[in-house]
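As stored in structure_2.txt (compact mmCIF, C-alpha atoms):
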# COMPACT_ATOMS: atom_id res chain seq x y z
CA MET A 20 19.57 54.33 -40.35
CA THR A 21 18.25 50.86 -41.17
CA PRO A 22 20.13 48.16 -39.22
CA PRO A 23 21.30 44.94 -40.90
CA ARG A 24 18.47 42.45 -41.43
CA VAL A 25 18.57 38.83 -40.24
CA LEU A 26 15.92 36.20 -40.95
CA THR A 27 15.25 33.18 -38.75
CA VAL A 28 13.40 30.16 -40.11
CA ALA A 29 12.50 27.97 -37.15
CA GLY A 30 9.86 26.79 -34.70
CA SER A 31 8.01 28.83 -32.12
CA ASP A 32 8.73 28.13 -28.42
CA SER A 33 5.68 29.05 -26.35
CA GLY A 34 7.89 29.24 -23.24
CA GLY A 35 10.02 31.95 -24.86
CA GLY A 36 13.43 30.42 -24.15
CA ALA A 37 14.36 28.88 -27.49
CA GLY A 38 13.27 28.83 -31.13
CA ILE A 39 11.95 31.92 -32.87
CA GLN A 40 11.62 33.77 -29.57
CA ALA A 41 15.27 33.23 -28.60
CA ASP A 42 16.39 34.12 -32.11
CA LEU A 43 14.60 37.46 -32.18
CA LYS A 44 15.78 38.37 -28.67
CA THR A 45 19.36 37.60 -29.67
CA MET A 46 19.08 39.68 -32.83
CA LEU A 47 17.71 42.66 -30.94
CA ALA A 48 20.44 42.38 -28.30
CA LEU A 49 23.14 42.40 -31.00
CA GLY A 50 21.73 45.36 -32.88
CA VAL A 51 20.19 43.84 -36.01
CA HIS A 52 16.62 43.78 -37.30
CA GLY A 53 15.19 40.29 -36.79
CA MET A 54 12.54 38.78 -39.06
CA SER A 55 10.89 35.39 -38.80
CA VAL A 56 9.47 32.54 -40.82
CA ILE A 57 7.64 30.15 -38.52
CA ALA A 58 7.95 26.54 -39.68
CA ALA A 59 6.32 24.85 -36.68
CA VAL A 60 4.54 25.69 -33.45
CA THR A 61 5.41 23.96 -30.19
CA ALA A 62 3.56 23.63 -26.91
CA GLN A 63 6.57 23.96 -24.67
CA ASN A 64 7.55 25.06 -21.17
CA SER A 65 10.43 24.63 -18.74
CA LEU A 66 9.59 20.95 -18.29
CA GLY A 67 9.66 19.93 -21.95
CA VAL A 68 7.80 19.86 -25.25
CA GLN A 69 4.22 18.70 -24.90
CA GLY A 70 3.55 18.72 -28.64
CA TYR A 71 4.35 20.35 -31.97
CA TRP A 72 2.55 21.07 -35.22
CA GLU A 73 4.15 21.81 -38.59
CA LEU A 74 2.87 24.64 -40.72
CA PRO A 75 1.81 23.72 -44.28
CA PRO A 76 4.68 24.03 -46.80
CA GLU A 77 2.76 26.66 -48.73
CA ALA A 78 2.52 28.81 -45.58
CA VAL A 79 6.27 28.52 -44.97
CA ARG A 80 7.05 29.31 -48.61
CA ALA A 81 4.70 32.32 -48.55
CA GLN A 82 6.48 33.73 -45.49
CA LEU A 83 9.87 33.24 -47.15
CA ASP A 84 8.75 34.85 -50.40
CA SER A 85 7.12 37.75 -48.57
CA VAL A 86 10.20 38.69 -46.54
CA LEU A 87 12.92 37.96 -49.10
CA SER A 88 11.20 39.58 -52.08
CA ASP A 89 10.56 42.88 -50.32
CA ILE A 90 12.91 43.32 -47.35
CA GLY A 91 15.76 40.92 -48.04
CA ALA A 92 18.30 39.69 -45.50
CA GLN A 93 22.03 40.08 -44.85
CA ALA A 94 22.07 36.70 -43.08
CA ILE A 95 19.69 33.80 -42.46
CA LYS A 96 19.50 31.29 -39.63
CA THR A 97 17.59 28.00 -39.66
CA GLY A 98 16.45 25.97 -36.67
CA MET A 99 13.61 23.49 -36.21
CA LEU A 100 12.30 22.42 -39.63
CA ALA A 101 10.52 19.24 -38.48
CA SER A 102 9.95 17.31 -41.73
CA PRO A 103 11.45 16.50 -45.16
CA VAL A 104 8.98 18.68 -47.06
CA LEU A 105 9.75 21.72 -44.89
CA VAL A 106 13.50 21.16 -45.25
CA GLU A 107 13.06 21.00 -49.04
CA THR A 108 10.87 24.10 -49.10
CA VAL A 109 13.29 26.15 -47.02
CA SER A 110 16.41 24.89 -48.82
CA GLU A 111 15.01 25.85 -52.22
CA ALA A 112 14.22 29.40 -51.09
CA LEU A 113 17.52 29.96 -49.28
CA ALA A 114 19.62 28.68 -52.17
CA ALA A 115 18.37 31.65 -54.18
CA ALA A 116 18.55 34.22 -51.37
CA GLY A 117 22.19 35.23 -51.83
CA ALA A 118 22.86 35.62 -48.10
CA PRO A 119 25.04 33.61 -45.69
CA VAL A 120 23.08 30.78 -44.04
CA VAL A 121 23.73 29.52 -40.51
CA VAL A 122 22.20 26.08 -39.97
CA ASP A 123 21.41 24.83 -36.48
CA PRO A 124 20.43 21.21 -37.30
CA VAL A 125 17.88 20.89 -34.52
CA GLY A 126 16.95 17.30 -33.76
CA VAL A 127 15.79 17.31 -30.15
CA SER A 128 14.92 19.88 -27.50
CA LYS A 129 17.05 20.63 -24.42
CA HIS A 130 14.82 18.14 -22.58
CA GLY A 131 15.41 15.37 -25.13
CA ASP A 132 12.05 15.69 -26.90
CA PRO A 133 12.23 14.98 -30.67
CA LEU A 134 11.71 17.97 -32.97
CA LEU A 135 12.62 16.32 -36.29
CA VAL A 136 11.21 13.17 -37.88
CA PRO A 137 13.96 10.62 -38.66
CA GLU A 138 13.25 10.60 -42.39
CA ALA A 139 14.18 14.30 -42.57
CA ILE A 140 17.85 13.58 -41.76
CA ASP A 141 18.75 12.66 -45.32
CA THR A 142 16.98 15.75 -46.65
CA ILE A 143 19.01 17.98 -44.33
CA LYS A 144 22.21 16.28 -45.48
CA THR A 145 21.45 16.50 -49.21
CA ARG A 146 19.48 19.76 -49.51
CA LEU A 147 20.22 22.09 -46.57
CA LEU A 148 23.84 21.51 -45.55
CA PRO A 149 25.25 22.05 -49.07
CA ILE A 150 23.96 25.65 -49.06
CA ALA A 151 25.11 26.43 -45.50
CA THR A 152 27.82 28.93 -44.67
CA VAL A 153 28.15 27.57 -41.12
CA VAL A 154 26.63 24.45 -39.53
CA THR A 155 26.51 24.34 -35.71
CA PRO A 156 25.80 20.77 -34.54
CA ASN A 157 26.16 19.55 -30.98
CA LEU A 158 27.69 16.13 -30.43
CA TRP A 159 24.38 14.28 -30.64
CA GLU A 160 23.55 16.03 -33.91
CA VAL A 161 27.00 15.16 -35.31
CA GLU A 162 26.30 11.50 -34.66
CA GLN A 163 22.80 11.80 -36.11
CA LEU A 164 24.13 13.36 -39.32
CA THR A 165 27.40 11.45 -39.82
CA SER A 166 27.44 8.43 -37.44
CA VAL A 167 30.67 9.85 -35.95
CA LYS A 168 30.66 9.53 -32.16
CA VAL A 169 32.71 12.18 -30.36
CA GLU A 170 34.12 10.90 -27.07
CA ASP A 171 36.87 13.43 -26.38
CA GLU A 172 38.35 16.64 -27.73
CA GLY A 173 40.57 14.68 -30.09
CA ASP A 174 37.49 13.55 -32.02
CA LEU A 175 36.28 17.08 -32.79
CA ARG A 176 38.28 17.49 -36.01
CA ARG A 177 37.15 14.11 -37.33
CA ALA A 178 33.57 15.15 -36.62
CA ALA A 179 34.07 18.49 -38.36
CA ASP A 180 35.56 16.84 -41.44
CA SER A 181 32.57 14.50 -41.62
CA ILE A 182 30.19 17.47 -41.51
CA LEU A 183 32.22 19.36 -44.12
CA ALA A 184 31.97 16.37 -46.43
CA LEU A 185 28.22 17.10 -46.62
CA GLY A 186 28.88 20.45 -48.28
CA PRO A 187 28.85 23.44 -45.87
CA ALA A 188 31.61 26.02 -46.02
CA TRP A 189 32.34 25.89 -42.27
CA ALA A 190 31.56 23.45 -39.44
CA LEU A 191 31.34 24.51 -35.80
CA ILE A 192 31.34 21.41 -33.60
CA LYS A 193 30.03 22.27 -30.15
CA GLY A 194 31.89 20.29 -27.49
CA GLY A 195 30.00 21.48 -24.43
CA HIS A 196 28.80 17.98 -23.54
CA LEU A 197 32.34 16.59 -23.24
CA PRO A 198 33.92 16.34 -19.78
CA GLY A 199 36.26 19.09 -18.68
CA GLU A 200 36.40 22.66 -19.92
CA PRO A 201 34.08 23.08 -22.94
CA VAL A 202 35.80 23.54 -26.30
CA ASP A 203 34.15 24.21 -29.67
CA LEU A 204 36.01 23.61 -32.93
CA LEU A 205 35.47 25.72 -36.07
CA THR A 206 37.04 24.77 -39.40
CA ASP A 207 36.58 25.10 -43.14
CA GLY A 208 38.89 22.15 -43.71
CA THR A 209 41.97 24.36 -43.93
CA GLU A 210 41.80 26.94 -41.17
CA GLU A 211 41.02 25.73 -37.66
CA TYR A 212 39.93 27.69 -34.57
CA ARG A 213 39.17 26.48 -31.06
CA PHE A 214 36.96 28.41 -28.67
CA SER A 215 37.12 27.55 -25.00
CA ALA A 216 35.13 28.86 -22.05
CA ARG A 217 34.91 28.07 -18.39
CA ARG A 218 32.39 25.47 -17.26
CA LEU A 219 29.51 27.37 -15.68
CA ASP A 220 27.57 25.95 -12.73
CA ASN A 221 24.16 26.82 -14.13
CA ARG A 222 21.39 24.45 -15.14
CA HIS A 223 19.31 27.17 -16.80
CA THR A 224 20.58 26.73 -20.36
CA HIS A 225 17.42 26.40 -22.43
CA GLY A 226 17.94 27.98 -25.86
CA THR A 227 21.73 27.93 -26.04
CA GLY A 228 21.91 26.35 -29.50
CA CYS A 229 19.33 28.70 -31.02
CA THR A 230 20.99 31.67 -29.38
CA LEU A 231 24.48 30.79 -30.63
CA ALA A 232 23.37 30.26 -34.23
CA SER A 233 21.37 33.49 -34.21
CA ALA A 234 24.29 35.39 -32.73
CA ILE A 235 26.59 34.08 -35.48
CA ALA A 236 24.09 35.11 -38.15
CA SER A 237 23.75 38.55 -36.54
CA ARG A 238 27.51 39.08 -36.50
CA LEU A 239 27.79 37.96 -40.14
CA ALA A 240 25.12 40.51 -41.06
CA LEU A 241 27.14 43.16 -39.23
CA GLY A 242 30.10 42.40 -41.49
CA ASP A 243 32.27 39.98 -39.51
CA ASP A 244 34.05 37.11 -41.22
CA VAL A 245 33.10 33.64 -39.98
CA PRO A 246 35.82 33.12 -37.33
CA THR A 247 35.24 36.62 -35.88
CA ALA A 248 31.46 36.12 -35.92
CA VAL A 249 31.76 32.82 -34.07
CA GLY A 250 34.14 34.28 -31.48
CA LYS A 251 31.87 37.23 -30.72
CA ALA A 252 28.79 34.99 -30.69
CA LYS A 253 30.50 32.70 -28.17
CA GLU A 254 31.21 35.66 -25.90
CA TYR A 255 27.57 36.71 -26.02
CA VAL A 256 26.27 33.19 -25.33
CA THR A 257 28.71 32.61 -22.48
CA GLY A 258 27.43 35.77 -20.80
CA ALA A 259 23.83 34.70 -21.41
CA ILE A 260 24.44 31.27 -19.88
CA ALA A 261 26.20 32.76 -16.86
CA ARG A 262 23.06 34.78 -16.15
CA GLY A 263 20.48 32.10 -16.99
CA PHE A 264 17.56 32.27 -14.60
CA PRO A 265 14.93 29.92 -13.15
CA LEU A 266 11.55 29.89 -14.86
CA GLY A 267 8.79 27.43 -14.04
CA ASP A 268 9.65 24.09 -12.44
CA GLY A 269 12.26 22.87 -14.93
CA ILE A 270 15.16 24.22 -16.99
CA GLY A 271 15.16 28.00 -17.26
CA PRO A 272 16.40 30.07 -20.21
CA VAL A 273 19.64 31.90 -20.80
CA ASP A 274 19.40 35.66 -20.34
CA HIS A 275 19.36 37.23 -23.79
CA ALA A 276 19.30 40.72 -22.28
CA TRP A 277 22.29 40.23 -19.99
CA MET A 278 24.29 43.07 -21.57
CA TRP A 279 21.46 45.50 -20.83
CA ARG A 280 21.11 44.32 -17.21
CA GLN A 281 24.78 44.75 -16.24

The structure in this file should be written as structure tokens.
Amino acid sequence: MTPPRVLTVAGSDSGGGAGIQADLKTMLALGVHGMSVIAAVTAQNSLGVQGYWELPPEAVRAQLDSVLSDIGAQAIKTGMLASPVLVETVSEALAAAGAPVVVDPVGVSKHGDPLLVPEAIDTIKTRLLPIATVVTPNLWEVEQLTSVKVEDEGDLRRAADSILALGPAWALIKGGHLPGEPVDLLTDGTEEYRFSARRLDNRHTHGTGCTLASAIASRLALGDDVPTAVGKAKEYVTGAIARGFPLGDGIGPVDHAWMWRQ
């Protein structure tokens, strides 16, 4: 039996902890068939991003056309898109794909290295977010997209409403960088859900954002509604963070295979 199909459109992480590599590992762990469109290539390890190179727009468009015209997808996830022209190229293709789209609006790496040119912000706001089913910004990305600064849990709904004003169906505001127990807020403007988890004493968290967005897309492809998909994705990511492991001399990855290793 053919499993549900999920497409990731993102950058390659040579260290294997984030990006395309994390997406495909997550999809395999959750039982879907992962496919990839590589938008950029990074030179990256546990210490940071040493450089990145965008693929030509025609190469990205060819990958999209190849997969979507023949295989199709039950859900699509986007990550690092790097530049305005790549955001435009991807947005145009996904608008016609007819599948739910989970947007991880990647701006910087876990180490703080930029992965998106500043002039691409407006293109994400006007072209990509309006076609998104779910957008999953962290607090820095919320501020980058909306100028709303989240300082405590009480600001999460204001941040979500500012994201929703840009057009997506749902906003998931990730509150993990706030003090205290981490709380994420999911809303479509009417329904509201809060997902809490214990604070884990683990510095090996490379790839958490990519992993969460890919897990949500995988659960949507498996037939979950958005709140259920987010809840199950959070459970998977929390387990992966709890079992994150050292790799190299810097920040290690989460363990995408933690359910298999139990």

* To do: Extract, using all atoms listed in the file, all DNA, RNA and protein residues at most 8 Å from A:Trp189, discarding same-chain residues fewer than 6 positions from it, and format them as a ChimeraX atom specification.
  => /A:151-154,183,205-208

Keeping only C-alpha atoms, write the selected residues as a PDB file, keeping the file's coordinate frame.
ATOM      1  CA  ALA A 151      25.110  26.430 -45.500  1.00  0.00           C
ATOM      2  CA  THR A 152      27.820  28.930 -44.670  1.00  0.00           C
ATOM      3  CA  VAL A 153      28.150  27.570 -41.120  1.00  0.00           C
ATOM      4  CA  VAL A 154      26.630  24.450 -39.530  1.00  0.00           C
ATOM      5  CA  LEU A 183      32.220  19.360 -44.120  1.00  0.00           C
ATOM      6  CA  LEU A 205      35.470  25.720 -36.070  1.00  0.00           C
ATOM      7  CA  THR A 206      37.040  24.770 -39.400  1.00  0.00           C
ATOM      8  CA  ASP A 207      36.580  25.100 -43.140  1.00  0.00           C
ATOM      9  CA  GLY A 208      38.890  22.150 -43.710  1.00  0.00           C
TER      10      GLY A 208
END

Within 9 Å of stretch 226-248 of chain A: each stretch 102-129 of chain A residue with its shortest pair, all atoms listed in the file, as JSON lines:
{"residue": "A:Ala118", "atom": "CA", "partner": "A:Ala240", "partner_atom": "CA", "distance": 8.9}
{"residue": "A:Pro119", "atom": "CA", "partner": "A:Leu239", "partner_atom": "CA", "distance": 7.6}
{"residue": "A:Val120", "atom": "CA", "partner": "A:Ala236", "partner_atom": "CA", "distance": 7.4}
{"residue": "A:Val121", "atom": "CA", "partner": "A:Ala236", "partner_atom": "CA", "distance": 6.1}
{"residue": "A:Val122", "atom": "CA", "partner": "A:Ala232", "partner_atom": "CA", "distance": 7.2}
{"residue": "A:Asp123", "atom": "CA", "partner": "A:Ala232", "partner_atom": "CA", "distance": 6.2}
{"residue": "A:Val125", "atom": "CA", "partner": "A:Gly228", "partner_atom": "CA", "distance": 8.4}
{"residue": "A:Ser128", "atom": "CA", "partner": "A:Gly226", "partner_atom": "CA", "distance": 8.8}
{"residue": "A:Lys129", "atom": "CA", "partner": "A:Gly226", "partner_atom": "CA", "distance": 7.5}

* For the atom pair atom CA of A:Arg146 and atom CA of A:Ala115, what is the interatomic distance in Å to one decimal place? -> 12.8 Å

Expected residue set, 12 Å radius at (15.4, 23.5, -10.6), all atoms listed in the file, as a CSV table (one decimal) with C-alpha atoms, in the coordinates of the input:
chain,number,residue,atom,x,y,z
A,65,SER,CA,10.4,24.6,-18.7
A,66,LEU,CA,9.6,21.0,-18.3
A,221,ASN,CA,24.2,26.8,-14.1
A,222,ARG,CA,21.4,24.4,-15.1
A,223,HIS,CA,19.3,27.2,-16.8
A,224,THR,CA,20.6,26.7,-20.4
A,263,GLY,CA,20.5,32.1,-17.0
A,264,PHE,CA,17.6,32.3,-14.6
A,265,PRO,CA,14.9,29.9,-13.2
A,266,LEU,CA,11.6,29.9,-14.9
A,267,GLY,CA,8.8,27.4,-14.0
A,268,ASP,CA,9.6,24.1,-12.4
A,269,GLY,CA,12.3,22.9,-14.9
A,270,ILE,CA,15.2,24.2,-17.0
A,271,GLY,CA,15.2,28.0,-17.3
A,272,PRO,CA,16.4,30.1,-20.2

* **Polymer residues at most 9 Å from stretch 139-141 of chain A, all atoms listed in the file, same-chain spacing of 2 or more positions, as JSON, numbers by chain** => {"A": [100, 101, 102, 103, 104, 105, 106, 126, 135, 136, 137, 143, 144, 145, 146, 163, 164]}

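Among A:Gly53, A:Pro156, A:Gly173, A:Pro149, the residue with the shortest atom-to-atom distance to A:Leu113, counting only C-alpha atoms, is A:Pro149.
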
Keeping just all heavy atoms, export stretch 177-190 of chain A of this structure as a compact mmCIF listing (two decimals), in the first residue's frame.
# COMPACT_ATOMS: atom_id res chain seq x y z
N ARG A 177 -1.84 38.10 20.56
CA ARG A 177 -1.63 39.29 19.73
C ARG A 177 -0.70 38.97 18.57
O ARG A 177 -0.91 39.42 17.43
CB ARG A 177 -1.06 40.42 20.59
CG ARG A 177 -0.87 41.74 19.86
CD ARG A 177 -0.65 42.86 20.85
NE ARG A 177 0.54 42.63 21.66
CZ ARG A 177 1.74 43.14 21.37
NH1 ARG A 177 1.90 43.87 20.27
NH2 ARG A 177 2.77 42.92 22.15
N ALA A 178 0.33 38.19 18.84
CA ALA A 178 1.26 37.77 17.79
C ALA A 178 0.54 36.91 16.75
O ALA A 178 0.72 37.09 15.54
CB ALA A 178 2.43 37.01 18.39
N ALA A 179 -0.28 35.98 17.22
CA ALA A 179 -1.00 35.10 16.30
C ALA A 179 -1.95 35.89 15.41
O ALA A 179 -2.05 35.64 14.21
CB ALA A 179 -1.76 34.04 17.09
N ASP A 180 -2.66 36.85 16.00
CA ASP A 180 -3.59 37.65 15.21
C ASP A 180 -2.84 38.47 14.15
O ASP A 180 -3.35 38.65 13.02
CB ASP A 180 -4.37 38.59 16.12
CG ASP A 180 -5.41 37.83 16.96
OD1 ASP A 180 -5.76 36.69 16.59
OD2 ASP A 180 -5.84 38.39 17.99
N SER A 181 -1.65 38.92 14.47
CA SER A 181 -0.85 39.68 13.49
C SER A 181 -0.40 38.79 12.34
O SER A 181 -0.37 39.22 11.19
CB SER A 181 0.36 40.31 14.18
OG SER A 181 -0.04 41.25 15.15
N ILE A 182 -0.07 37.53 12.65
CA ILE A 182 0.29 36.58 11.59
C ILE A 182 -0.93 36.24 10.75
O ILE A 182 -0.87 36.21 9.51
CB ILE A 182 0.91 35.31 12.20
CG1 ILE A 182 2.28 35.60 12.83
CG2 ILE A 182 1.02 34.20 11.15
CD1 ILE A 182 3.37 35.92 11.84
N LEU A 183 -2.07 36.00 11.39
CA LEU A 183 -3.29 35.67 10.66
C LEU A 183 -3.72 36.79 9.72
O LEU A 183 -4.30 36.53 8.66
CB LEU A 183 -4.42 35.35 11.63
CG LEU A 183 -4.30 34.03 12.42
CD1 LEU A 183 -5.42 33.93 13.44
CD2 LEU A 183 -4.30 32.83 11.49
N ALA A 184 -3.41 38.01 10.09
CA ALA A 184 -3.77 39.15 9.23
C ALA A 184 -3.04 39.10 7.90
O ALA A 184 -3.45 39.76 6.94
CB ALA A 184 -3.45 40.46 9.96
N LEU A 185 -1.97 38.30 7.81
CA LEU A 185 -1.22 38.16 6.56
C LEU A 185 -1.80 37.07 5.66
O LEU A 185 -1.29 36.87 4.54
CB LEU A 185 0.25 37.87 6.87
CG LEU A 185 0.97 38.97 7.66
CD1 LEU A 185 2.37 38.52 8.07
CD2 LEU A 185 1.05 40.26 6.85
N GLY A 186 -2.82 36.34 6.14
CA GLY A 186 -3.54 35.46 5.23
C GLY A 186 -3.57 33.97 5.49
O GLY A 186 -4.38 33.27 4.87
N PRO A 187 -2.72 33.39 6.36
CA PRO A 187 -2.80 31.94 6.55
C PRO A 187 -4.07 31.53 7.28
O PRO A 187 -4.72 32.35 7.95
CB PRO A 187 -1.57 31.63 7.41
CG PRO A 187 -1.33 32.89 8.18
CD PRO A 187 -1.69 34.01 7.23
N ALA A 188 -4.42 30.26 7.16
CA ALA A 188 -5.62 29.76 7.84
C ALA A 188 -5.39 29.61 9.34
O ALA A 188 -6.28 29.89 10.14
CB ALA A 188 -6.04 28.42 7.23
N TRP A 189 -4.20 29.15 9.73
CA TRP A 189 -3.87 28.93 11.13
C TRP A 189 -2.48 29.50 11.42
O TRP A 189 -1.60 29.45 10.55
CB TRP A 189 -3.85 27.44 11.48
CG TRP A 189 -5.16 26.74 11.45
CD1 TRP A 189 -5.80 26.26 10.35
CD2 TRP A 189 -5.99 26.44 12.57
NE1 TRP A 189 -6.98 25.66 10.71
CE2 TRP A 189 -7.13 25.75 12.07
CE3 TRP A 189 -5.89 26.66 13.94
CZ2 TRP A 189 -8.15 25.29 12.91
CZ3 TRP A 189 -6.92 26.20 14.77
CH2 TRP A 189 -8.03 25.54 14.26
N ALA A 190 -2.29 29.98 12.65
CA ALA A 190 -0.97 30.41 13.12
C ALA A 190 -0.61 29.61 14.36
O ALA A 190 -1.42 29.49 15.29
CB ALA A 190 -0.97 31.91 13.44
